[in-house]
Every structure is written in structure tokens, then in C-alpha cells.
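**Student:** upload02.cif is reproduced below (mmCIF, C-alpha atoms and all ligand atoms).
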```cif
data_entry
loop_
_atom_site.group_PDB
_atom_site.id
_atom_site.type_symbol
_atom_site.label_atom_id
_atom_site.label_comp_id
_atom_site.auth_asym_id
_atom_site.auth_seq_id
_atom_site.Cartn_x
_atom_site.Cartn_y
_atom_site.Cartn_z
ATOM 1 C CA MET S 147 23.100 -22.110 13.124
ATOM 2 C CA PHE S 148 19.634 -20.577 13.067
ATOM 3 C CA THR S 149 17.649 -21.248 9.885
ATOM 4 C CA MET S 150 14.341 -19.508 9.327
ATOM 5 C CA GLN S 151 11.715 -22.103 8.445
ATOM 6 C CA GLY S 152 8.668 -19.922 8.960
ATOM 7 C CA ALA S 153 8.100 -16.205 8.354
ATOM 8 C CA ILE S 154 5.167 -14.561 10.116
ATOM 9 C CA PHE S 155 4.162 -11.118 8.891
ATOM 10 C CA ASP S 156 2.191 -8.390 10.546
ATOM 11 C CA LEU S 157 0.004 -6.694 7.910
ATOM 12 C CA ASP S 158 -0.564 -2.984 8.646
ATOM 13 C CA GLY S 159 2.732 -1.115 8.352
ATOM 14 C CA VAL S 160 4.757 -4.149 7.220
ATOM 15 C CA ILE S 161 3.050 -5.327 4.034
ATOM 16 C CA VAL S 162 0.840 -2.363 3.258
ATOM 17 C CA ASP S 163 0.685 1.253 4.364
ATOM 18 C CA THR S 164 -2.814 1.249 5.816
ATOM 19 C CA ALA S 165 -1.812 3.350 8.862
ATOM 20 C CA LYS S 166 -2.658 6.538 6.938
ATOM 21 C CA TYR S 167 -6.230 5.314 6.332
ATOM 22 C CA HIS S 168 -6.670 4.209 9.972
ATOM 23 C CA PHE S 169 -5.471 7.715 10.919
ATOM 24 C CA LEU S 170 -7.896 9.515 8.581
ATOM 25 C CA ALA S 171 -10.825 7.494 9.936
ATOM 26 C CA TRP S 172 -9.850 8.005 13.614
ATOM 27 C CA LYS S 173 -9.303 11.725 12.987
ATOM 28 C CA ARG S 174 -12.768 11.980 11.414
ATOM 29 C CA LEU S 175 -14.275 10.224 14.430
ATOM 30 C CA ALA S 176 -12.449 12.550 16.852
ATOM 31 C CA ALA S 177 -13.665 15.589 14.876
ATOM 32 C CA GLY S 178 -17.236 14.311 15.340
ATOM 33 C CA PHE S 179 -16.598 14.266 19.102
ATOM 34 C CA GLY S 180 -15.230 17.825 18.831
ATOM 35 C CA PHE S 181 -11.516 17.265 19.420
ATOM 36 C CA ASP S 182 -8.393 17.001 17.282
ATOM 37 C CA PHE S 183 -6.435 13.778 16.858
ATOM 38 C CA THR S 184 -2.828 14.193 15.708
ATOM 39 C CA GLU S 185 -0.415 11.919 13.858
ATOM 40 C CA ALA S 186 1.635 11.712 17.068
ATOM 41 C CA ASP S 187 -1.462 10.417 18.926
ATOM 42 C CA ASN S 188 -1.944 7.902 16.095
ATOM 43 C CA GLU S 189 1.494 6.348 16.770
ATOM 44 C CA ARG S 190 0.054 4.893 19.973
ATOM 45 C CA LEU S 191 -2.551 2.941 17.993
ATOM 46 C CA LYS S 192 -0.095 0.869 15.929
ATOM 47 C CA GLY S 193 -0.593 -2.849 16.480
ATOM 48 C CA VAL S 194 -3.417 -2.158 18.933
ATOM 49 C CA SER S 195 -6.887 -3.699 18.489
ATOM 50 C CA ARG S 196 -9.814 -1.613 17.222
ATOM 51 C CA MET S 197 -11.614 -1.332 20.569
ATOM 52 C CA ARG S 198 -8.415 -0.593 22.515
ATOM 53 C CA SER S 199 -7.562 2.044 19.876
ATOM 54 C CA LEU S 200 -10.933 3.692 20.499
ATOM 55 C CA ASP S 201 -10.244 3.777 24.247
ATOM 56 C CA ILE S 202 -6.856 5.439 23.612
ATOM 57 C CA LEU S 203 -8.472 7.994 21.289
ATOM 58 C CA LEU S 204 -11.183 8.820 23.844
ATOM 59 C CA GLU S 205 -8.526 9.144 26.544
ATOM 60 C CA ALA S 206 -6.575 11.563 24.313
ATOM 61 C CA GLY S 207 -9.751 13.651 23.849
ATOM 62 C CA ARG S 208 -10.750 13.291 27.535
ATOM 63 C CA ARG S 209 -14.123 11.868 26.531
ATOM 64 C CA SER S 210 -16.044 9.123 28.222
ATOM 65 C CA ILE S 211 -18.913 7.281 26.483
ATOM 66 C CA SER S 212 -21.012 4.198 27.188
ATOM 67 C CA GLU S 213 -20.183 0.692 25.902
ATOM 68 C CA THR S 214 -23.082 0.918 23.413
ATOM 69 C CA GLU S 215 -21.809 4.269 22.115
ATOM 70 C CA LYS S 216 -18.351 2.711 21.790
ATOM 71 C CA GLU S 217 -19.731 -0.079 19.587
ATOM 72 C CA VAL S 218 -21.456 2.528 17.378
ATOM 73 C CA ALA S 219 -18.310 4.702 17.183
ATOM 74 C CA ALA S 220 -16.039 1.745 16.302
ATOM 75 C CA ALA S 221 -18.459 0.605 13.580
ATOM 76 C CA LYS S 222 -18.581 4.126 12.143
ATOM 77 C CA LYS S 223 -14.775 4.357 12.112
ATOM 78 C CA ASN S 224 -14.504 0.971 10.424
ATOM 79 C CA ALA S 225 -17.046 1.900 7.734
ATOM 80 C CA TRP S 226 -14.984 5.020 6.873
ATOM 81 C CA TYR S 227 -11.763 2.980 6.939
ATOM 82 C CA LEU S 228 -13.245 0.441 4.503
ATOM 83 C CA GLU S 229 -14.411 3.309 2.279
ATOM 84 C CA TYR S 230 -10.787 4.580 2.098
ATOM 85 C CA LEU S 231 -9.578 1.042 1.320
ATOM 86 C CA GLU S 232 -11.897 0.717 -1.698
ATOM 87 C CA THR S 233 -9.149 2.022 -4.001
ATOM 88 C CA LEU S 234 -6.380 -0.088 -2.388
ATOM 89 C CA LYS S 235 -4.400 -2.118 -4.928
ATOM 90 C CA GLN S 236 -1.231 -4.202 -5.210
ATOM 91 C CA THR S 237 0.900 -1.142 -6.057
ATOM 92 C CA ASP S 238 0.064 0.235 -2.571
ATOM 93 C CA MET S 239 2.142 -2.530 -0.980
ATOM 94 C CA LEU S 240 5.187 -1.250 0.929
ATOM 95 C CA PRO S 241 8.556 -1.350 -0.921
ATOM 96 C CA GLY S 242 9.858 -4.890 -1.412
ATOM 97 C CA ALA S 243 6.911 -6.616 0.338
ATOM 98 C CA LEU S 244 5.636 -8.469 -2.724
ATOM 99 C CA GLU S 245 9.142 -9.363 -3.902
ATOM 100 C CA TYR S 246 10.179 -10.657 -0.452
ATOM 101 C CA LEU S 247 7.050 -12.811 -0.113
ATOM 102 C CA ASP S 248 7.813 -14.269 -3.557
ATOM 103 C CA TYR S 249 11.449 -14.800 -2.598
ATOM 104 C CA LEU S 250 10.500 -16.741 0.559
ATOM 105 C CA LYS S 251 8.084 -18.918 -1.414
ATOM 106 C CA ASN S 252 10.848 -19.776 -3.867
ATOM 107 C CA TRP S 253 13.147 -20.753 -0.972
ATOM 108 C CA GLY S 254 10.527 -23.016 0.595
ATOM 109 C CA VAL S 255 10.031 -20.880 3.721
ATOM 110 C CA ARG S 256 6.501 -21.288 5.107
ATOM 111 C CA VAL S 257 4.676 -17.962 5.285
ATOM 112 C CA ALA S 258 1.870 -16.806 7.600
ATOM 113 C CA LEU S 259 0.046 -13.609 8.394
ATOM 114 C CA GLY S 260 -0.244 -12.639 12.083
ATOM 115 C CA SER S 261 -2.363 -9.494 12.286
ATOM 116 C CA ALA S 262 -4.626 -7.804 14.840
ATOM 117 C CA SER S 263 -6.875 -6.592 12.030
ATOM 118 C CA LYS S 264 -10.369 -7.946 11.468
ATOM 119 C CA ASN S 265 -10.105 -6.519 7.936
ATOM 120 C CA ALA S 266 -7.067 -8.639 6.993
ATOM 121 C CA ALA S 267 -8.905 -10.976 4.597
ATOM 122 C CA PHE S 268 -10.488 -7.998 2.822
ATOM 123 C CA ILE S 269 -7.089 -6.272 2.482
ATOM 124 C CA LEU S 270 -5.309 -9.418 1.220
ATOM 125 C CA GLY S 271 -8.148 -9.757 -1.308
ATOM 126 C CA ARG S 272 -7.749 -6.153 -2.512
ATOM 127 C CA LEU S 273 -3.988 -6.700 -2.852
ATOM 128 C CA GLY S 274 -4.497 -10.040 -4.598
ATOM 129 C CA ILE S 275 -1.890 -11.803 -2.411
ATOM 130 C CA HIS S 276 -3.997 -14.284 -0.421
ATOM 131 C CA GLY S 277 -2.333 -17.147 -2.305
ATOM 132 C CA LEU S 278 1.133 -16.218 -1.001
ATOM 133 C CA PHE S 279 0.210 -17.178 2.584
ATOM 134 C CA ASP S 280 0.180 -20.750 3.914
ATOM 135 C CA ALA S 281 -1.845 -19.550 6.924
ATOM 136 C CA VAL S 282 -3.736 -16.406 7.907
ATOM 137 C CA ILE S 283 -4.316 -15.605 11.587
ATOM 138 C CA ASP S 284 -6.160 -12.311 12.009
ATOM 139 C CA GLY S 285 -8.160 -10.300 14.546
ATOM 140 C CA ASP S 286 -11.104 -12.699 14.219
ATOM 141 C CA ALA S 287 -8.940 -15.710 15.117
ATOM 142 C CA VAL S 288 -7.521 -14.448 18.413
ATOM 143 C CA SER S 289 -8.925 -13.445 21.783
ATOM 144 C CA ALA S 290 -5.842 -11.755 23.282
ATOM 145 C CA ALA S 291 -4.307 -8.704 21.602
ATOM 146 C CA LYS S 292 -0.560 -8.079 21.093
ATOM 147 C CA PRO S 293 1.660 -7.915 23.215
ATOM 148 C CA ASP S 294 0.091 -11.283 24.056
ATOM 149 C CA PRO S 295 1.817 -13.854 21.799
ATOM 150 C CA GLU S 296 -1.430 -15.686 20.883
ATOM 151 C CA VAL S 297 -1.599 -14.451 17.273
ATOM 152 C CA PHE S 298 1.986 -15.526 16.498
ATOM 153 C CA LEU S 299 1.762 -18.842 18.391
ATOM 154 C CA LYS S 300 -1.373 -19.688 16.399
ATOM 155 C CA ALA S 301 0.406 -18.709 13.183
ATOM 156 C CA ALA S 302 3.405 -20.984 13.973
ATOM 157 C CA ALA S 303 1.033 -23.831 14.881
ATOM 158 C CA ALA S 304 -0.900 -23.315 11.628
ATOM 159 C CA LEU S 305 2.421 -23.682 9.776
ATOM 160 C CA SER S 306 3.177 -26.832 11.840
ATOM 161 C CA LEU S 307 6.412 -25.221 13.033
ATOM 162 C CA SER S 308 7.988 -24.645 16.426
ATOM 163 C CA PRO S 309 8.116 -20.917 17.368
ATOM 164 C CA SER S 310 11.901 -21.228 17.684
ATOM 165 C CA VAL S 311 12.346 -21.623 13.904
ATOM 166 C CA CYS S 312 9.994 -18.738 13.045
ATOM 167 C CA VAL S 313 10.814 -15.092 12.418
ATOM 168 C CA VAL S 314 8.178 -12.407 12.972
ATOM 169 C CA PHE S 315 8.231 -9.188 10.934
ATOM 170 C CA GLU S 316 6.647 -6.343 12.921
ATOM 171 C CA ASP S 317 6.396 -2.541 12.860
ATOM 172 C CA SER S 318 4.841 -2.045 16.317
ATOM 173 C CA PHE S 319 6.400 -2.262 19.764
ATOM 174 C CA ALA S 320 3.441 -4.340 21.012
ATOM 175 C CA GLY S 321 4.090 -6.774 18.142
ATOM 176 C CA VAL S 322 7.813 -7.042 18.923
ATOM 177 C CA GLN S 323 6.949 -7.838 22.553
ATOM 178 C CA ALA S 324 4.379 -10.427 21.413
ATOM 179 C CA ALA S 325 6.922 -12.184 19.197
ATOM 180 C CA LYS S 326 9.554 -12.295 21.943
ATOM 181 C CA ALA S 327 6.971 -13.555 24.466
ATOM 182 C CA GLY S 328 6.190 -16.338 21.961
ATOM 183 C CA GLY S 329 9.859 -17.384 21.777
ATOM 184 C CA MET S 330 10.406 -16.177 18.203
ATOM 185 C CA LYS S 331 13.068 -14.130 16.478
ATOM 186 C CA VAL S 332 11.788 -10.726 15.430
ATOM 187 C CA VAL S 333 12.789 -8.370 12.661
ATOM 188 C CA GLY S 334 11.562 -4.853 13.409
ATOM 189 C CA VAL S 335 10.335 -2.926 10.396
ATOM 190 C CA GLY S 336 11.069 0.678 11.311
ATOM 191 C CA SER S 337 13.401 2.613 13.537
ATOM 192 C CA PRO S 338 15.360 0.625 16.198
ATOM 193 C CA GLU S 339 14.631 3.402 18.749
ATOM 194 C CA LEU S 340 10.897 2.709 18.468
ATOM 195 C CA LEU S 341 11.310 -1.081 18.423
ATOM 196 C CA PRO S 342 13.544 -2.029 21.373
ATOM 197 C CA GLY S 343 13.827 -5.771 21.796
ATOM 198 C CA ALA S 344 13.847 -6.549 18.067
ATOM 199 C CA ASP S 345 16.729 -8.867 17.071
ATOM 200 C CA MET S 346 17.419 -6.669 14.038
ATOM 201 C CA CYS S 347 15.667 -3.814 12.254
ATOM 202 C CA VAL S 348 15.128 -2.883 8.606
ATOM 203 C CA SER S 349 13.461 0.220 7.189
ATOM 204 C CA CYS S 350 11.266 -1.863 4.857
ATOM 205 C CA LEU S 351 11.104 -5.399 3.462
ATOM 206 C CA LYS S 352 13.079 -4.322 0.380
ATOM 207 C CA GLU S 353 16.108 -4.276 2.680
ATOM 208 C CA MET S 354 15.435 -7.945 3.510
ATOM 209 C CA LEU S 355 16.049 -8.864 -0.121
ATOM 210 C CA PHE S 356 19.623 -7.610 0.280
ATOM 211 C CA LYS S 357 20.075 -8.896 3.841
ATOM 212 C CA ALA S 358 18.477 -12.291 3.244
ATOM 213 C CA ARG S 359 21.758 -14.157 2.996
ATOM 214 C CA ASP S 360 23.176 -12.661 6.208
ATOM 215 C CA MET S 361 19.963 -12.770 8.187
ATOM 216 C CA ASN S 362 20.186 -16.288 9.625
ATOM 217 C CA HIS S 363 23.716 -15.502 10.771
ATOM 218 C CA THR S 364 22.711 -12.157 12.335
ATOM 219 C CA LEU S 365 19.757 -13.709 14.163
ATOM 220 C CA ASP S 366 21.911 -16.638 15.256
ATOM 221 C CA SER S 367 24.547 -14.404 16.839
ATOM 222 C CA HIS S 368 21.784 -12.404 18.548
ATOM 223 C CA GLY S 369 20.892 -15.479 20.590
HETATM 224 C C1 LIG S 401 -3.423 -3.384 13.489
HETATM 225 C C2 LIG S 401 -3.195 -1.904 13.265
HETATM 226 O O1 LIG S 401 -2.747 -4.120 12.530
HETATM 227 O O2 LIG S 401 -4.828 -3.684 13.390
HETATM 228 C C3 LIG S 401 -4.040 -1.086 14.219
HETATM 229 O O3 LIG S 401 -1.828 -1.595 13.463
HETATM 230 C C4 LIG S 401 -5.498 -1.471 14.063
HETATM 231 O O4 LIG S 401 -3.865 0.301 13.942
HETATM 232 C C5 LIG S 401 -5.651 -2.985 14.317
HETATM 233 O O5 LIG S 401 -6.312 -0.767 15.007
HETATM 234 C C6 LIG S 401 -7.086 -3.468 14.158
HETATM 235 O O6 LIG S 401 -7.471 -3.270 12.831
HETATM 236 P P1 LIG S 401 -8.950 -3.377 12.287
HETATM 237 O O7 LIG S 401 -8.762 -3.391 10.789
HETATM 238 O O8 LIG S 401 -9.538 -4.661 12.791
HETATM 239 O O9 LIG S 401 -9.712 -2.190 12.776
HETATM 240 MG MG MG S 402 1.573 -3.185 12.162
#
```
Just dump the structure as C-alpha cells.
Ligand code: BG6
Ligand code: MG
**Tutor:**
Amino acid sequence: MFTMQGAIFDLDGVIVDTAKYHFLAWKRLAAGFGFDFTEADNERLKGVSRMRSLDILLEAGRRSISETEKEVAAAKKNAWYLEYLETLKQTDMLPGALEYLDYLKNWGVRVALGSASKNAAFILGRLGIHGLFDAVIDGDAVSAAKPDPEVFLKAAAALSLSPSVCVVFEDSFAGVQAAKAGGMKVVGVGSPELLPGADMCVSCLKEMLFKARDMNHTLDSHG
């Protein structure tokens, strides 16, 4: 029977609702270029790296700029994003995230972060939860973006665990694909329609507190 020995968490959209701040900053950037950027457009940026997100945004606005201008635009967006995060605090964590991390610690499950964000350390610091992670693999530690499994494989290795005993918690389709490509079980956080391929889905980590006992069984039967 499958037993989860390692839990690897995506950050944005799983632990904390930072998507709204990413959106505000991208929208502000698009406005500067003279086009609108909608929440529907923003869906496509979930789990995607900063520079790839910029390319998608420019595509949506039918704009083409030089590599140097891209660097300037991405830095501007990030500065605004960090400005919005200044007021971020532990109570901004998504429902059940803190409690579930605590629960796993108490049960001796090793816990890692596997995020595309280069702001992960800053965000964990603002939330005051750095100490709950045995390993942190973020956007600075990887060269290939999700759906490449690099971030999750590095997280499993940092926990000294085989991918086959790890469960990834992800809210993006690219992240679900990355976890499966890495040979891990994956719990989708969000709607099953948007996360095909996930072994099971929950609406938020609070649900995991109730499902915890059944989870190993559910994942086991999923193969
Ligand atoms: C992912 C987010 O976690 O991190 C993306 O889902 C974001 O929206 C990406 O673009 C990179 O984040 P950052 O903080 O390095 O710009
Ligand atoms: Mg995410």
C-alpha cells in the first residue's frame, strides 16, 4: 500500500493566494504597453516562469519587444509585485495550508517546497513558515521550468527520498504534468477539469485534513 513519505508543495495558489498580486502587476505592465490583460488571460500564467509569462502577455497584446526591453519589463513587473507583497502575512495563507503543514510535521512526513518562483524565500519569510520546510527548491535552483520535472526531482533528492514515495500538491496543469513526468503522485488543488492527470483533486489543503486518512488508499488504488 502506498505511504506518503514526502510532501512537495507548490507555493503560489497552493500555500498562498499570490495569483491576485501577480495579476495586478501584469495588468499594470500591460496597461503601460497600451493593452488590457484580463483574469482569463492570467490563467495561462499559472505555474509558468516569469520570463515565459511575459512572452505570453506580449503575445496576448500582440506586442513584440527586444530582449533588453523584456528584461526591463520583467524587472518592473517584479518590483510592483514585491510592493503588493509588502503587506503579506500568515493570515493570507490559503485555507488549511498552515494546519496541513503542521499536521504532516507531526506525522513525520518530510516536507519540501517546489516552486517556479524566484520570490519564494521572500514569501516564506513574510509568512513566517520557512521552518516548516525540510527543503526549499525555487526558481533560482532550477534551469528547466514546469512541466519539466526538475524542480520536483530536486525536491525529492533534497529530502533523500525516491520520487515514488512523494506526493506533489499543485494548482497548475504544468505542475501536474511535471509531477507525473517525475514519477510522483499528484494531488491537484483546484478543479479536476483544469487539472487532468492529477491522481486526486481537492479544493484547498483544508480538505486534506479531512481526507488525510483515506489519501494513501486513494492514491494506491489510482496506480
Ligand atoms: C509560479 C506562479 O509559482 O511562479 C507564476 O504560478 C509565476 O504565476 C512564477 O510567474 C514565477 O514567479 P516569480 O515570483 O519568480 O515571478
Ligand atoms: Mg501554483
**Student:** Do you know which residues are at most 10 Å from Val160 in chain S counting only C-alpha atoms, after dropping those on the same chain fewer than 5 positions away, and could you put them as a list in words?
**Tutor:**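 My reading of the contact set: Phe155, Met239, Leu240, Pro241, Ala243, Phe315, Glu316, Asp317, Ser318, Gly334, Val335, Gly336, Ser349, Cys350 and Leu351 of chain S.
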**Student:** Let's have the selection written as an mmCIF file, keeping the file's coordinate frame, with C-alpha atoms.
**Tutor:**
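What landed in selection_1.cif:
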```
data_model
loop_
_atom_site.group_PDB
_atom_site.id
_atom_site.type_symbol
_atom_site.label_atom_id
_atom_site.label_comp_id
_atom_site.auth_asym_id
_atom_site.auth_seq_id
_atom_site.Cartn_x
_atom_site.Cartn_y
_atom_site.Cartn_z
ATOM 1 C CA PHE S 155 4.162 -11.118 8.891
ATOM 2 C CA MET S 239 2.142 -2.530 -0.980
ATOM 3 C CA LEU S 240 5.187 -1.250 0.929
ATOM 4 C CA PRO S 241 8.556 -1.350 -0.921
ATOM 5 C CA ALA S 243 6.911 -6.616 0.338
ATOM 6 C CA PHE S 315 8.231 -9.188 10.934
ATOM 7 C CA GLU S 316 6.647 -6.343 12.921
ATOM 8 C CA ASP S 317 6.396 -2.541 12.860
ATOM 9 C CA SER S 318 4.841 -2.045 16.317
ATOM 10 C CA GLY S 334 11.562 -4.853 13.409
ATOM 11 C CA VAL S 335 10.335 -2.926 10.396
ATOM 12 C CA GLY S 336 11.069 0.678 11.311
ATOM 13 C CA SER S 349 13.461 0.220 7.189
ATOM 14 C CA CYS S 350 11.266 -1.863 4.857
ATOM 15 C CA LEU S 351 11.104 -5.399 3.462
#
```
**Student:** Taking only C-alpha atoms and all ligand atoms into account, list the residues no farther than 6 Å from ligand LIG 401 (chain S), as a tab-separated table (two decimals) with C-alpha atoms, in the frame of the given file.
**Tutor:**
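Saved the output as part_27.tsv:
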```
chain	number	residue	atom	x	y	z
S	157	LEU	CA	0.00	-6.69	7.91
S	158	ASP	CA	-0.56	-2.98	8.65
S	191	LEU	CA	-2.55	2.94	17.99
S	192	LYS	CA	-0.10	0.87	15.93
S	193	GLY	CA	-0.59	-2.85	16.48
S	194	VAL	CA	-3.42	-2.16	18.93
S	195	SER	CA	-6.89	-3.70	18.49
S	196	ARG	CA	-9.81	-1.61	17.22
S	199	SER	CA	-7.56	2.04	19.88
S	261	SER	CA	-2.36	-9.49	12.29
S	262	ALA	CA	-4.63	-7.80	14.84
S	263	SER	CA	-6.88	-6.59	12.03
S	264	LYS	CA	-10.37	-7.95	11.47
S	265	ASN	CA	-10.10	-6.52	7.94
```
**Student:** From the set S:Val333, S:Leu341, S:Arg198, S:Asp366, which residue has the shortest atom-to-atom contact distance to Phe319 in chain S, counting all atoms listed in the file?
**Tutor:**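 Of all the options, S:Leu341 lies closest to Phe319 in chain S.
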**Student:** Near Asp345 in chain S, counting all atoms listed in the file, which residues have an atom at most 7 Å away, once you skip same-chain residues fewer than 5 positions from it, shown as a list in words?
**Tutor:**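 My reading of the contact set: Lys331, Val332, Val333, Leu365 and His368 of chain S.
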**Student:** Selected residues, C-alpha atoms, written as a compact mmCIF listing (two decimals), in the frame of the given file, please.
**Tutor:**
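selection.txt written:
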```txt
# COMPACT_ATOMS: atom_id res chain seq x y z
CA LYS S 331 13.07 -14.13 16.48
CA VAL S 332 11.79 -10.73 15.43
CA VAL S 333 12.79 -8.37 12.66
CA LEU S 365 19.76 -13.71 14.16
CA HIS S 368 21.78 -12.40 18.55
```
**Student:** At a cut-off of 7 Å, using only C-alpha atoms, what residues contact range 225-232 of chain S? Leave out same-chain residues fewer than 4 positions from it and give the result as an mmCIF file with C-alpha atoms, in the frame of the given file.
**Tutor:**
```
data_model
loop_
_atom_site.group_PDB
_atom_site.id
_atom_site.type_symbol
_atom_site.label_atom_id
_atom_site.label_comp_id
_atom_site.auth_asym_id
_atom_site.auth_seq_id
_atom_site.Cartn_x
_atom_site.Cartn_y
_atom_site.Cartn_z
ATOM 1 C CA TYR S 167 -6.230 5.314 6.332
ATOM 2 C CA HIS S 168 -6.670 4.209 9.972
ATOM 3 C CA ALA S 171 -10.825 7.494 9.936
ATOM 4 C CA ALA S 221 -18.459 0.605 13.580
#
```
**Student:** For the provided coordinates, the residues matched by the PyMOL selection byres (((chain S and resi 237) around 12) and not hetatm) should be stated as a list of chain:residue names.
**Tutor:**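 Applying the expression gives S:Ile161, S:Val162, S:Asp163, S:Thr233, S:Leu234, S:Lys235, S:Gln236, S:Asp238, S:Met239, S:Leu240, S:Pro241, S:Gly242, S:Ala243, S:Leu244, S:Glu245, S:Arg272, S:Leu273, S:Gly274, S:Ile275.
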**Student:** Let me make sure I understand: among S:Ala258, S:Met147, S:Val322, S:Leu270, which one has the smallest atom-to-atom distance to Ser306 in chain S if we use all atoms listed in the file?
**Tutor:**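 Closest residue, counting all atoms listed in the file: S:Ala258.
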**Student:** Nearest to ligand MG 402 (chain S): which of S:Asp248, S:Glu189, S:Glu213, S:Asp182 is it, counting only C-alpha atoms and all ligand atoms?
**Tutor:** S:Glu189
**Student:** Which residues are close to Ala358 in chain S, i.e. within 12 Å by all atoms listed in the file, leaving aside same-chain residues fewer than 2 positions away? Reply as an NGL selection string.
**Tutor:** :S and (149-150 or 246-247 or 249-250 or 253 or 333 or 348 or 351-356 or 360-365)
**Student:** Between S:Leu259, S:Ala304, S:Leu299, S:Met330, single out the one closest to ligand MG 402 (chain S), counting all atoms listed in the file.
**Tutor:** S:Leu259
**Student:** Taking only C-alpha atoms into account, which of S:Ala219, S:Ala267, S:Ala344, S:Val255 comes nearest Ala324 in chain S?
**Tutor:**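 Checking each of S:Ala219, S:Ala267, S:Ala344, S:Val255 against Ala324 in chain S, counting only C-alpha atoms, the winner is S:Ala344.
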**Student:** One decimal, Å: what's the distance from CA of Ala153 in chain S over to CA of Val257 in chain S, could you say?
**Tutor:**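 Separating CA of Ala153 in chain S from CA of Val257 in chain S is a distance of 4.9 Å.
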**Student:** Compare S:Gly260, S:Asp201, S:Phe179, S:Ala303 by their minimum atom-to-atom distance to Ala287 in chain S, counting all atoms listed in the file, and give me the closest one.
**Tutor:** S:Gly260
**Student:** Please compute the CA of Ala301 in chain S-CA of Gly271 in chain S distance, one decimal, in Å.
**Tutor:** 19.1 Å
**Student:** Any chance you could work out the axis-aligned box around range 226-231 of chain S, listed atoms only, 3 Å on each side, giving centre and edge lengths in Å to one decimal, as AutoDock Vina command-line options?
**Tutor:**
```
--center_x -12.3 --center_y 2.7 --center_z 4.1 --size_x 11.4 --size_y 10.6 --size_z 11.6
```
**Student:** To test your reading of the syntax: which residues would the PyMOL selection byres (((chain S and resi 203) around 12) and not hetatm) return for the file shown? Reply as an mmCIF file with C-alpha atoms, keeping the file's coordinate frame.
**Tutor:**
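Saved the output as part.cif:
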```
data_model
loop_
_atom_site.group_PDB
_atom_site.id
_atom_site.type_symbol
_atom_site.label_atom_id
_atom_site.label_comp_id
_atom_site.auth_asym_id
_atom_site.auth_seq_id
_atom_site.Cartn_x
_atom_site.Cartn_y
_atom_site.Cartn_z
ATOM 1 C CA PHE S 169 -5.471 7.715 10.919
ATOM 2 C CA ALA S 171 -10.825 7.494 9.936
ATOM 3 C CA TRP S 172 -9.850 8.005 13.614
ATOM 4 C CA LYS S 173 -9.303 11.725 12.987
ATOM 5 C CA ARG S 174 -12.768 11.980 11.414
ATOM 6 C CA LEU S 175 -14.275 10.224 14.430
ATOM 7 C CA ALA S 176 -12.449 12.550 16.852
ATOM 8 C CA ALA S 177 -13.665 15.589 14.876
ATOM 9 C CA PHE S 179 -16.598 14.266 19.102
ATOM 10 C CA PHE S 181 -11.516 17.265 19.420
ATOM 11 C CA ASP S 182 -8.393 17.001 17.282
ATOM 12 C CA PHE S 183 -6.435 13.778 16.858
ATOM 13 C CA THR S 184 -2.828 14.193 15.708
ATOM 14 C CA GLU S 185 -0.415 11.919 13.858
ATOM 15 C CA ALA S 186 1.635 11.712 17.068
ATOM 16 C CA ASP S 187 -1.462 10.417 18.926
ATOM 17 C CA ASN S 188 -1.944 7.902 16.095
ATOM 18 C CA GLU S 189 1.494 6.348 16.770
ATOM 19 C CA ARG S 190 0.054 4.893 19.973
ATOM 20 C CA LEU S 191 -2.551 2.941 17.993
ATOM 21 C CA VAL S 194 -3.417 -2.158 18.933
ATOM 22 C CA ARG S 196 -9.814 -1.613 17.222
ATOM 23 C CA MET S 197 -11.614 -1.332 20.569
ATOM 24 C CA ARG S 198 -8.415 -0.593 22.515
ATOM 25 C CA SER S 199 -7.562 2.044 19.876
ATOM 26 C CA LEU S 200 -10.933 3.692 20.499
ATOM 27 C CA ASP S 201 -10.244 3.777 24.247
ATOM 28 C CA ILE S 202 -6.856 5.439 23.612
ATOM 29 C CA LEU S 204 -11.183 8.820 23.844
ATOM 30 C CA GLU S 205 -8.526 9.144 26.544
ATOM 31 C CA ALA S 206 -6.575 11.563 24.313
ATOM 32 C CA GLY S 207 -9.751 13.651 23.849
ATOM 33 C CA ARG S 208 -10.750 13.291 27.535
ATOM 34 C CA ARG S 209 -14.123 11.868 26.531
ATOM 35 C CA SER S 210 -16.044 9.123 28.222
ATOM 36 C CA ILE S 211 -18.913 7.281 26.483
ATOM 37 C CA LYS S 216 -18.351 2.711 21.790
ATOM 38 C CA ALA S 219 -18.310 4.702 17.183
ATOM 39 C CA ALA S 220 -16.039 1.745 16.302
ATOM 40 C CA LYS S 223 -14.775 4.357 12.112
#
```
**Student:** Using Å and a single decimal, report how far CA of Asn252 in chain S sits from CA of Ala302 in chain S.
**Tutor:**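 Computed distance, CA of Ala302 in chain S to CA of Asn252 in chain S, equals 19.4 Å.
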**Student:** To test your reading of the syntax: which residues would the PyMOL selection byres (((chain S and resi 293-295) around 7) and not hetatm) return for the file shown? Reply as a ChimeraX atom specification.
**Tutor:** /S:290-292,296-299,320-321,323-325,327-328
**Student:** Those same residues - C-alpha atoms - I'd like them written as a PDB file, in the frame of the given file.
**Tutor:**
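This is the output file result_19.pdb:
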```
ATOM      1  CA  ALA S 290      -5.842 -11.755  23.282  1.00  0.00           C
ATOM      2  CA  ALA S 291      -4.307  -8.704  21.602  1.00  0.00           C
ATOM      3  CA  LYS S 292      -0.560  -8.079  21.093  1.00  0.00           C
ATOM      4  CA  GLU S 296      -1.430 -15.686  20.883  1.00  0.00           C
ATOM      5  CA  VAL S 297      -1.599 -14.451  17.273  1.00  0.00           C
ATOM      6  CA  PHE S 298       1.986 -15.526  16.498  1.00  0.00           C
ATOM      7  CA  LEU S 299       1.762 -18.842  18.391  1.00  0.00           C
ATOM      8  CA  ALA S 320       3.441  -4.340  21.012  1.00  0.00           C
ATOM      9  CA  GLY S 321       4.090  -6.774  18.142  1.00  0.00           C
ATOM     10  CA  GLN S 323       6.949  -7.838  22.553  1.00  0.00           C
ATOM     11  CA  ALA S 324       4.379 -10.427  21.413  1.00  0.00           C
ATOM     12  CA  ALA S 325       6.922 -12.184  19.197  1.00  0.00           C
ATOM     13  CA  ALA S 327       6.971 -13.555  24.466  1.00  0.00           C
ATOM     14  CA  GLY S 328       6.190 -16.338  21.961  1.00  0.00           C
TER      15      GLY S 328
END
```
